[in-house]
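Colleague: Following this line is entry-v1.cif, made up of mmCIF, N, CA and C atoms and all ligand atoms:
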data_data
loop_
_atom_site.label_atom_id
_atom_site.label_comp_id
_atom_site.auth_asym_id
_atom_site.auth_seq_id
_atom_site.Cartn_x
_atom_site.Cartn_y
_atom_site.Cartn_z
N MET A 1297 -18.71 4.45 -48.49
CA MET A 1297 -19.19 4.93 -47.19
C MET A 1297 -20.02 3.86 -46.48
N GLY A 1298 -20.94 3.25 -47.18
CA GLY A 1298 -21.93 2.36 -46.59
C GLY A 1298 -21.39 1.32 -45.63
N THR A 1299 -20.28 0.67 -45.99
CA THR A 1299 -19.79 -0.43 -45.14
C THR A 1299 -19.07 0.13 -43.92
N SER A 1300 -19.42 -0.39 -42.74
CA SER A 1300 -18.71 0.04 -41.53
C SER A 1300 -17.61 -0.97 -41.21
N ARG A 1301 -16.44 -0.45 -41.01
CA ARG A 1301 -15.28 -1.28 -40.69
C ARG A 1301 -14.93 -1.09 -39.24
N ARG A 1302 -14.70 -2.18 -38.52
CA ARG A 1302 -14.29 -2.04 -37.13
C ARG A 1302 -12.90 -1.43 -37.08
N MET A 1303 -12.67 -0.59 -36.06
CA MET A 1303 -11.34 -0.01 -35.90
C MET A 1303 -10.30 -1.09 -35.64
N ASN A 1304 -10.72 -2.10 -34.85
CA ASN A 1304 -9.78 -3.18 -34.55
C ASN A 1304 -9.93 -4.31 -35.56
N GLY A 1305 -10.11 -3.93 -36.82
CA GLY A 1305 -10.33 -4.88 -37.88
C GLY A 1305 -9.19 -5.87 -38.10
N HIS A 1306 -8.03 -5.60 -37.52
CA HIS A 1306 -6.92 -6.56 -37.67
C HIS A 1306 -7.20 -7.85 -36.92
N LEU A 1307 -8.17 -7.80 -35.98
CA LEU A 1307 -8.55 -9.02 -35.28
C LEU A 1307 -9.75 -9.63 -36.00
N SER A 1308 -9.58 -10.84 -36.44
CA SER A 1308 -10.72 -11.49 -37.08
C SER A 1308 -11.75 -11.84 -36.00
N THR A 1309 -12.98 -12.04 -36.44
CA THR A 1309 -14.03 -12.39 -35.49
C THR A 1309 -13.64 -13.64 -34.71
N LYS A 1310 -12.98 -14.55 -35.41
CA LYS A 1310 -12.57 -15.81 -34.79
C LYS A 1310 -11.51 -15.56 -33.69
N HIS A 1311 -10.54 -14.71 -34.03
CA HIS A 1311 -9.49 -14.38 -33.06
C HIS A 1311 -10.07 -13.66 -31.84
N LEU A 1312 -10.97 -12.72 -32.12
CA LEU A 1312 -11.59 -11.96 -31.03
C LEU A 1312 -12.37 -12.91 -30.11
N ALA A 1313 -13.09 -13.85 -30.72
CA ALA A 1313 -13.85 -14.82 -29.93
C ALA A 1313 -12.91 -15.67 -29.08
N GLU A 1314 -11.78 -16.02 -29.65
CA GLU A 1314 -10.79 -16.82 -28.92
C GLU A 1314 -10.28 -16.05 -27.70
N LEU A 1315 -10.02 -14.77 -27.90
CA LEU A 1315 -9.53 -13.94 -26.80
C LEU A 1315 -10.61 -13.76 -25.73
N LYS A 1316 -11.85 -13.60 -26.19
CA LYS A 1316 -12.96 -13.46 -25.25
C LYS A 1316 -13.09 -14.71 -24.38
N ASP A 1317 -12.99 -15.86 -25.03
CA ASP A 1317 -13.06 -17.14 -24.30
C ASP A 1317 -11.96 -17.22 -23.25
N LYS A 1318 -10.79 -16.80 -23.66
CA LYS A 1318 -9.64 -16.89 -22.76
C LYS A 1318 -9.85 -16.02 -21.52
N VAL A 1319 -10.31 -14.79 -21.75
CA VAL A 1319 -10.55 -13.87 -20.64
C VAL A 1319 -11.67 -14.41 -19.74
N MET A 1320 -12.71 -14.95 -20.39
CA MET A 1320 -13.83 -15.48 -19.61
C MET A 1320 -13.36 -16.65 -18.73
N ALA A 1321 -12.53 -17.49 -19.29
CA ALA A 1321 -12.01 -18.63 -18.53
C ALA A 1321 -11.17 -18.16 -17.34
N GLU A 1322 -10.40 -17.11 -17.57
CA GLU A 1322 -9.59 -16.54 -16.49
C GLU A 1322 -10.47 -15.97 -15.38
N VAL A 1323 -11.52 -15.24 -15.80
CA VAL A 1323 -12.45 -14.66 -14.83
C VAL A 1323 -13.07 -15.78 -13.98
N GLU A 1324 -13.50 -16.85 -14.65
CA GLU A 1324 -14.12 -17.96 -13.92
C GLU A 1324 -13.13 -18.62 -12.97
N ARG A 1325 -11.93 -18.80 -13.44
CA ARG A 1325 -10.91 -19.45 -12.63
C ARG A 1325 -10.66 -18.66 -11.34
N ILE A 1326 -10.51 -17.34 -11.48
CA ILE A 1326 -10.21 -16.52 -10.32
C ILE A 1326 -11.43 -16.40 -9.41
N GLU A 1327 -12.62 -16.23 -10.02
CA GLU A 1327 -13.84 -16.12 -9.21
C GLU A 1327 -14.06 -17.40 -8.40
N ASN A 1328 -13.85 -18.55 -9.05
CA ASN A 1328 -14.00 -19.82 -8.33
C ASN A 1328 -13.01 -19.93 -7.18
N LYS A 1329 -11.82 -19.47 -7.44
CA LYS A 1329 -10.78 -19.53 -6.43
C LYS A 1329 -11.15 -18.64 -5.24
N LEU A 1330 -11.59 -17.42 -5.55
CA LEU A 1330 -11.98 -16.50 -4.49
C LEU A 1330 -13.18 -17.04 -3.73
N LEU A 1331 -14.13 -17.64 -4.47
CA LEU A 1331 -15.33 -18.20 -3.87
C LEU A 1331 -14.98 -19.35 -2.94
N SER A 1332 -14.12 -20.24 -3.38
CA SER A 1332 -13.78 -21.38 -2.54
C SER A 1332 -13.04 -20.93 -1.28
N GLU A 1333 -12.29 -19.85 -1.39
CA GLU A 1333 -11.64 -19.32 -0.20
C GLU A 1333 -12.65 -18.71 0.75
N GLN A 1334 -13.68 -18.07 0.17
CA GLN A 1334 -14.75 -17.50 0.99
C GLN A 1334 -15.51 -18.60 1.71
N LEU A 1335 -15.82 -19.70 0.98
CA LEU A 1335 -16.54 -20.82 1.59
C LEU A 1335 -15.73 -21.40 2.74
N MET A 1336 -14.44 -21.46 2.54
CA MET A 1336 -13.57 -21.96 3.59
C MET A 1336 -13.73 -21.12 4.86
N VAL A 1337 -13.79 -19.82 4.67
CA VAL A 1337 -13.95 -18.91 5.81
C VAL A 1337 -15.29 -19.17 6.49
N VAL A 1338 -16.36 -19.32 5.68
CA VAL A 1338 -17.69 -19.57 6.22
C VAL A 1338 -17.72 -20.88 7.00
N ASN A 1339 -17.12 -21.92 6.43
CA ASN A 1339 -17.13 -23.22 7.09
C ASN A 1339 -16.41 -23.22 8.44
N GLN A 1340 -15.48 -22.31 8.56
CA GLN A 1340 -14.71 -22.26 9.79
C GLN A 1340 -15.51 -21.69 10.95
N THR A 1341 -16.56 -20.89 10.63
CA THR A 1341 -17.36 -20.32 11.70
C THR A 1341 -18.44 -21.31 12.13
N SER A 1342 -18.85 -21.27 13.39
CA SER A 1342 -19.83 -22.24 13.89
C SER A 1342 -21.22 -21.91 13.36
N GLY A 1343 -22.01 -22.97 13.07
CA GLY A 1343 -23.28 -22.90 12.37
C GLY A 1343 -24.18 -21.73 12.67
N ASP A 1344 -24.60 -21.56 13.93
CA ASP A 1344 -25.65 -20.60 14.28
C ASP A 1344 -25.31 -19.16 13.95
N GLU A 1345 -24.07 -18.86 14.04
CA GLU A 1345 -23.70 -17.46 13.88
C GLU A 1345 -23.40 -17.06 12.45
N VAL A 1346 -23.52 -18.02 11.54
CA VAL A 1346 -23.15 -17.75 10.15
C VAL A 1346 -23.90 -16.56 9.58
N ASP A 1347 -25.24 -16.55 9.77
CA ASP A 1347 -26.03 -15.48 9.17
C ASP A 1347 -25.60 -14.10 9.61
N SER A 1348 -25.53 -13.93 10.92
CA SER A 1348 -25.18 -12.60 11.43
C SER A 1348 -23.73 -12.25 11.11
N ALA A 1349 -22.94 -13.29 11.00
CA ALA A 1349 -21.52 -13.04 10.76
C ALA A 1349 -21.22 -12.83 9.29
N ASN A 1350 -22.21 -13.12 8.45
CA ASN A 1350 -21.99 -13.10 7.01
C ASN A 1350 -21.42 -11.79 6.49
N ASP A 1351 -22.04 -10.69 6.89
CA ASP A 1351 -21.58 -9.39 6.42
C ASP A 1351 -20.12 -9.18 6.79
N GLU A 1352 -19.85 -9.55 8.02
CA GLU A 1352 -18.50 -9.40 8.54
C GLU A 1352 -17.51 -10.22 7.72
N ILE A 1353 -17.96 -11.45 7.42
CA ILE A 1353 -17.11 -12.36 6.64
C ILE A 1353 -16.83 -11.78 5.26
N ILE A 1354 -17.91 -11.27 4.66
CA ILE A 1354 -17.74 -10.72 3.31
C ILE A 1354 -16.78 -9.53 3.34
N LYS A 1355 -16.96 -8.67 4.32
CA LYS A 1355 -16.06 -7.53 4.45
C LYS A 1355 -14.62 -8.00 4.62
N HIS A 1356 -14.50 -8.98 5.49
CA HIS A 1356 -13.19 -9.54 5.77
C HIS A 1356 -12.59 -10.13 4.50
N ALA A 1357 -13.45 -10.89 3.79
CA ALA A 1357 -13.00 -11.55 2.57
C ALA A 1357 -12.58 -10.51 1.52
N GLU A 1358 -13.42 -9.48 1.38
CA GLU A 1358 -13.10 -8.44 0.40
C GLU A 1358 -11.74 -7.80 0.70
N LEU A 1359 -11.52 -7.63 1.98
CA LEU A 1359 -10.26 -7.05 2.39
C LEU A 1359 -9.11 -7.97 2.01
N ARG A 1360 -9.30 -9.24 2.32
CA ARG A 1360 -8.26 -10.21 2.02
C ARG A 1360 -7.98 -10.32 0.53
N PHE A 1361 -9.06 -10.15 -0.24
CA PHE A 1361 -8.89 -10.35 -1.68
C PHE A 1361 -8.56 -9.06 -2.41
N ALA A 1362 -8.37 -8.01 -1.65
CA ALA A 1362 -7.87 -6.80 -2.28
C ALA A 1362 -6.39 -6.99 -2.56
N THR A 1363 -6.15 -8.01 -3.28
CA THR A 1363 -4.79 -8.44 -3.55
C THR A 1363 -4.52 -8.37 -5.04
N ARG A 1364 -3.36 -8.81 -5.39
CA ARG A 1364 -2.95 -8.90 -6.77
C ARG A 1364 -4.02 -9.60 -7.63
N GLU A 1365 -4.51 -10.72 -7.09
CA GLU A 1365 -5.47 -11.53 -7.81
C GLU A 1365 -6.76 -10.77 -8.13
N SER A 1366 -7.29 -10.07 -7.12
CA SER A 1366 -8.56 -9.39 -7.37
C SER A 1366 -8.35 -8.15 -8.23
N LEU A 1367 -7.15 -7.60 -8.18
CA LEU A 1367 -6.83 -6.50 -9.08
C LEU A 1367 -6.81 -7.00 -10.52
N TYR A 1368 -6.26 -8.20 -10.67
CA TYR A 1368 -6.20 -8.83 -11.97
C TYR A 1368 -7.62 -9.11 -12.47
N LEU A 1369 -8.48 -9.56 -11.56
CA LEU A 1369 -9.88 -9.83 -11.89
C LEU A 1369 -10.56 -8.56 -12.40
N LYS A 1370 -10.31 -7.46 -11.72
CA LYS A 1370 -10.87 -6.18 -12.14
C LYS A 1370 -10.42 -5.83 -13.55
N LYS A 1371 -9.14 -6.08 -13.77
CA LYS A 1371 -8.56 -5.77 -15.06
C LYS A 1371 -9.20 -6.63 -16.15
N LEU A 1372 -9.41 -7.90 -15.82
CA LEU A 1372 -10.04 -8.82 -16.77
C LEU A 1372 -11.47 -8.37 -17.11
N LYS A 1373 -12.19 -7.93 -16.07
CA LYS A 1373 -13.57 -7.50 -16.31
C LYS A 1373 -13.60 -6.24 -17.17
N LYS A 1374 -12.64 -5.38 -16.91
CA LYS A 1374 -12.53 -4.17 -17.71
C LYS A 1374 -12.23 -4.55 -19.17
N THR A 1375 -11.35 -5.54 -19.30
CA THR A 1375 -11.00 -6.02 -20.64
C THR A 1375 -12.21 -6.58 -21.36
N GLN A 1376 -13.05 -7.31 -20.61
CA GLN A 1376 -14.26 -7.88 -21.21
C GLN A 1376 -15.15 -6.78 -21.80
N LYS A 1377 -15.30 -5.70 -21.04
CA LYS A 1377 -16.10 -4.58 -21.54
C LYS A 1377 -15.43 -3.96 -22.76
N HIS A 1378 -14.14 -3.80 -22.61
CA HIS A 1378 -13.34 -3.19 -23.67
C HIS A 1378 -13.46 -3.99 -24.97
N MET A 1379 -13.55 -5.32 -24.82
CA MET A 1379 -13.60 -6.20 -25.98
C MET A 1379 -14.84 -5.98 -26.85
N ASP A 1380 -15.88 -5.44 -26.23
CA ASP A 1380 -17.10 -5.17 -27.00
C ASP A 1380 -17.02 -3.84 -27.73
N SER A 1381 -16.01 -3.07 -27.41
CA SER A 1381 -15.84 -1.80 -28.10
C SER A 1381 -14.90 -1.98 -29.29
N GLU A 1382 -14.86 -0.97 -30.11
CA GLU A 1382 -14.02 -1.08 -31.31
C GLU A 1382 -12.56 -0.80 -31.01
N GLU A 1383 -12.29 -0.33 -29.82
CA GLU A 1383 -10.90 0.07 -29.53
C GLU A 1383 -10.05 -1.07 -28.99
N TYR A 1384 -10.69 -2.17 -28.66
CA TYR A 1384 -9.90 -3.28 -28.12
C TYR A 1384 -8.89 -3.76 -29.15
N GLY A 1385 -7.68 -4.01 -28.67
CA GLY A 1385 -6.64 -4.49 -29.57
C GLY A 1385 -5.85 -3.37 -30.21
N LEU A 1386 -6.20 -2.14 -29.82
CA LEU A 1386 -5.44 -1.00 -30.31
C LEU A 1386 -4.64 -0.40 -29.15
N CYS A 1387 -3.46 0.07 -29.47
CA CYS A 1387 -2.59 0.62 -28.44
C CYS A 1387 -3.16 1.92 -27.87
N ASP A 1388 -3.21 1.98 -26.54
CA ASP A 1388 -3.68 3.18 -25.85
C ASP A 1388 -2.84 4.40 -26.19
N ASP A 1389 -1.58 4.11 -26.43
CA ASP A 1389 -0.61 5.19 -26.58
C ASP A 1389 -0.53 5.72 -28.00
N CYS A 1390 -0.29 4.82 -28.95
CA CYS A 1390 -0.06 5.28 -30.33
C CYS A 1390 -1.20 4.88 -31.26
N GLY A 1391 -2.13 4.07 -30.77
CA GLY A 1391 -3.30 3.73 -31.58
C GLY A 1391 -3.07 2.67 -32.64
N SER A 1392 -1.84 2.12 -32.68
CA SER A 1392 -1.61 1.09 -33.69
C SER A 1392 -2.08 -0.28 -33.17
N ALA A 1393 -2.23 -1.20 -34.08
CA ALA A 1393 -2.79 -2.50 -33.73
C ALA A 1393 -1.82 -3.32 -32.88
N ILE A 1394 -2.37 -3.94 -31.84
CA ILE A 1394 -1.59 -4.86 -31.02
C ILE A 1394 -1.75 -6.24 -31.66
N SER A 1395 -0.65 -6.94 -31.84
CA SER A 1395 -0.72 -8.20 -32.57
C SER A 1395 -1.52 -9.25 -31.81
N PHE A 1396 -2.14 -10.13 -32.58
CA PHE A 1396 -2.93 -11.19 -31.97
C PHE A 1396 -2.06 -12.06 -31.06
N GLN A 1397 -0.83 -12.31 -31.47
CA GLN A 1397 0.10 -13.12 -30.67
C GLN A 1397 0.28 -12.52 -29.28
N ARG A 1398 0.43 -11.20 -29.26
CA ARG A 1398 0.63 -10.50 -27.98
C ARG A 1398 -0.65 -10.56 -27.15
N LEU A 1399 -1.77 -10.34 -27.77
CA LEU A 1399 -3.04 -10.37 -27.06
C LEU A 1399 -3.36 -11.77 -26.54
N LYS A 1400 -2.90 -12.76 -27.30
CA LYS A 1400 -3.14 -14.14 -26.89
C LYS A 1400 -2.34 -14.44 -25.62
N ALA A 1401 -1.14 -13.94 -25.59
CA ALA A 1401 -0.30 -14.15 -24.40
C ALA A 1401 -0.82 -13.32 -23.23
N ARG A 1402 -1.27 -12.11 -23.52
CA ARG A 1402 -1.81 -11.23 -22.47
C ARG A 1402 -3.00 -10.46 -23.00
N PRO A 1403 -4.20 -11.05 -22.87
CA PRO A 1403 -5.39 -10.38 -23.43
C PRO A 1403 -5.67 -9.03 -22.79
N THR A 1404 -5.08 -8.77 -21.64
CA THR A 1404 -5.33 -7.49 -20.97
C THR A 1404 -4.41 -6.37 -21.46
N SER A 1405 -3.56 -6.69 -22.43
CA SER A 1405 -2.64 -5.68 -22.95
C SER A 1405 -3.40 -4.49 -23.53
N THR A 1406 -2.95 -3.31 -23.14
CA THR A 1406 -3.56 -2.13 -23.73
C THR A 1406 -2.54 -1.28 -24.48
N MET A 1407 -1.33 -1.80 -24.55
CA MET A 1407 -0.29 -1.08 -25.28
C MET A 1407 0.41 -2.03 -26.24
N CYS A 1408 0.84 -1.52 -27.37
CA CYS A 1408 1.62 -2.33 -28.29
C CYS A 1408 3.00 -2.56 -27.67
N ILE A 1409 3.69 -3.53 -28.20
CA ILE A 1409 4.97 -3.94 -27.60
C ILE A 1409 5.98 -2.78 -27.58
N THR A 1410 5.95 -1.96 -28.61
CA THR A 1410 6.89 -0.83 -28.70
C THR A 1410 6.65 0.17 -27.57
N CYS A 1411 5.37 0.55 -27.39
CA CYS A 1411 5.04 1.52 -26.34
C CYS A 1411 5.25 0.92 -24.96
N LYS A 1412 4.95 -0.37 -24.84
CA LYS A 1412 5.11 -1.03 -23.55
C LYS A 1412 6.58 -1.03 -23.14
N GLU A 1413 7.43 -1.40 -24.09
CA GLU A 1413 8.87 -1.41 -23.79
C GLU A 1413 9.36 -0.01 -23.46
N GLU A 1414 8.84 0.95 -24.20
CA GLU A 1414 9.20 2.34 -23.97
C GLU A 1414 8.80 2.75 -22.54
N SER A 1415 7.56 2.42 -22.14
CA SER A 1415 7.10 2.84 -20.82
C SER A 1415 7.83 2.09 -19.71
N GLU A 1416 8.18 0.82 -19.98
CA GLU A 1416 8.95 0.07 -18.99
C GLU A 1416 10.35 0.66 -18.85
N ARG A 1417 10.88 1.09 -19.97
CA ARG A 1417 12.21 1.70 -19.95
C ARG A 1417 12.15 3.01 -19.16
N ASP A 1418 11.08 3.76 -19.39
CA ASP A 1418 10.90 5.02 -18.64
C ASP A 1418 10.81 4.74 -17.15
N GLU A 1419 10.03 3.69 -16.79
CA GLU A 1419 9.90 3.32 -15.38
C GLU A 1419 11.26 2.96 -14.81
N LEU A 1420 11.98 2.16 -15.56
CA LEU A 1420 13.30 1.72 -15.14
C LEU A 1420 14.21 2.92 -14.96
N GLN A 1421 14.10 3.85 -15.90
CA GLN A 1421 14.94 5.04 -15.84
C GLN A 1421 14.61 5.90 -14.63
N SER A 1422 13.31 6.09 -14.39
CA SER A 1422 12.95 6.93 -13.25
C SER A 1422 13.28 6.21 -11.95
N PHE A 1423 13.31 4.88 -12.02
CA PHE A 1423 13.68 4.10 -10.84
C PHE A 1423 15.16 4.24 -10.54
N HIS A 1424 15.95 4.15 -11.58
CA HIS A 1424 17.39 4.21 -11.38
C HIS A 1424 17.95 5.62 -11.49
N GLY A 1425 17.04 6.57 -11.66
CA GLY A 1425 17.50 7.92 -11.89
C GLY A 1425 17.77 8.11 -13.37
N ARG A 1426 18.23 9.29 -13.72
CA ARG A 1426 18.44 9.59 -15.13
C ARG A 1426 19.51 8.71 -15.75
N GLN A 1427 19.13 8.08 -16.85
CA GLN A 1427 20.11 7.31 -17.60
C GLN A 1427 20.02 7.74 -19.05
N SER A 1428 21.05 7.50 -19.79
CA SER A 1428 21.03 7.90 -21.19
C SER A 1428 20.13 6.97 -21.97
N LYS A 1429 19.52 7.50 -22.99
CA LYS A 1429 18.60 6.74 -23.83
C LYS A 1429 19.34 5.54 -24.45
N SER A 1430 20.56 5.72 -24.83
CA SER A 1430 21.30 4.65 -25.51
C SER A 1430 21.52 3.47 -24.58
N LEU A 1431 21.68 3.76 -23.29
CA LEU A 1431 21.85 2.68 -22.32
C LEU A 1431 20.58 1.85 -22.25
N GLY A 1432 19.45 2.53 -22.27
CA GLY A 1432 18.16 1.84 -22.27
C GLY A 1432 18.04 0.90 -23.46
N LYS A 1433 18.50 1.37 -24.60
CA LYS A 1433 18.43 0.55 -25.81
C LYS A 1433 19.31 -0.68 -25.68
N THR A 1434 20.47 -0.51 -25.10
CA THR A 1434 21.40 -1.63 -24.91
C THR A 1434 20.73 -2.72 -24.06
N ILE A 1435 20.01 -2.28 -23.02
CA ILE A 1435 19.35 -3.25 -22.15
C ILE A 1435 18.31 -4.06 -22.92
N SER A 1436 17.51 -3.37 -23.72
CA SER A 1436 16.42 -4.08 -24.38
C SER A 1436 16.95 -4.99 -25.49
N LEU A 1437 18.09 -4.65 -26.06
CA LEU A 1437 18.66 -5.49 -27.13
C LEU A 1437 19.29 -6.75 -26.56
N SER A 1438 19.76 -6.66 -25.34
CA SER A 1438 20.56 -7.77 -24.81
C SER A 1438 19.72 -8.91 -24.25
N LYS A 1439 18.38 -8.74 -24.26
CA LYS A 1439 17.61 -9.83 -23.67
C LYS A 1439 17.10 -10.85 -24.70
ZN ZN B 1 1.82 1.82 -29.22
#
Reformat the file's structure so that it appears as structure tokens.
Ligand SMILES: [Zn+2]
Modeller:
Amino acid sequence: MGTSRRMNGHLSTKHLAELKDKVMAEVERIENKLLSEQLMVVNQTSGDEVDSANDEIIKHAELRFATRESLYLKKLKKTQKHMDSEEYGLCDDCGSAISFQRLKARPTSTMCITCKEESERDELQSFHGRQSKSLGKTISLSK
């Protein structure tokens, strides 16, 4: 009883640290990119009006960055929080361990490859209308 085991014990401390570094680097990369774009906007406005225009610029910038990139940033930040919990690295759907290889390729993964493929197949099916399950399997095998 005495020893506490992390739920995501399949990830070694070293691997988890590696994933954390990767996510942090991604966060910095995107934040710097968004920041430099914001600075560009500021530089384009004439000196005196910068202060009063600042709020407007930020609003404008936030609007502009409500894009794929900032959504990804949100996801990364969520992942960072998640990484401090014991559930990181476990599939949201079936609770089984997500492999380090998969997490390394996509640290924001919240589903194991099996569930992910299943849900993508479901999406594909609902997109194309009802298809037989066997057809879905044929697609995933052929890639
Ligand atoms: Zn799963």
Colleague: Given a cut-off of 6 Å, what residues near ligand ZN 1 (chain B) show up using all atoms listed in the file, put as a count of residues only?
Modeller: 12
Colleague: Range 1360-1375 of chain A: which residues within 9 Å, counting only C-alpha atoms, same-chain residues fewer than 2 positions away excluded, as a list of chain:residue names?
Modeller: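 After dropping sequence-adjacent residues, the list is A:Lys1316, A:Val1319, A:Met1320, A:Glu1322, A:Val1323, A:Ile1326, A:Glu1327, A:Leu1330, A:Lys1355, A:His1356, A:Ala1357, A:Glu1358, A:Lys1377, A:His1378, A:Met1379, A:Asp1380, A:Tyr1384, A:Pro1403, A:Thr1404, A:Ser1405, A:Thr1406.
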Colleague: Which is closest to Ser1381 in chain A among A:Ala1393, A:Glu1419, A:Lys1400, A:Asn1304, if we use only N, CA and C atoms?
Modeller: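 Closest to Ser1381 in chain A of all the choices is A:Asn1304.
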Colleague: Which residue gives the smallest distance to Leu1315 in chain A among A:Glu1414, A:Gln1421, A:Arg1398, A:Met1303, with only C-alpha atoms counted?
Modeller: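 Of A:Glu1414, A:Gln1421, A:Arg1398, A:Met1303, the one nearest Leu1315 in chain A is A:Arg1398, counting only C-alpha atoms.
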Colleague: With 4 Å added on each side, what axis-aligned box encloses every listed atom of range 1302-1319 of chain A? Give the centre and edge lengths in Å to one decimal, as AutoDock Vina command-line options.
Modeller:
--center_x -10.8 --center_y -8.6 --center_z -29.1 --size_x 15.8 --size_y 25.2 --size_z 26.8
Colleague: Do you have the atom N of His1311 in chain A-CA of Asn1328 in chain A distance handy?
Modeller: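 Separation of atom N of His1311 in chain A and CA of Asn1328 in chain A: 26.4 Å.
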Colleague: Please measure the separation of atom C of Leu1307 in chain A and atom N of Asp1418 in chain A, giving the value in Å to one decimal.
Modeller: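 Atom C of Leu1307 in chain A sits 29.8 Å away from atom N of Asp1418 in chain A.
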Colleague: Which of range 1390-1427 of chain A end up as helix (DSSP H, G or I) when DSSP is run on this backbone - answer as a count of residues only?
Modeller: 22
Colleague: How far is it from atom C of His1306 in chain A to CA of Leu1386 in chain A, in Å with one decimal?
Modeller: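 Taking atom C of His1306 in chain A as the start and CA of Leu1386 in chain A as the end point, the length is 9.7 Å.
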Colleague: Taking only N, CA and C atoms into account, which of A:Lys1318, A:Asn1350, A:Glu1324, A:Gly1305 comes nearest Gly1385 in chain A?
Modeller: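 Comparing A:Lys1318, A:Asn1350, A:Glu1324, A:Gly1305 against Gly1385 in chain A, the winner is A:Gly1305.
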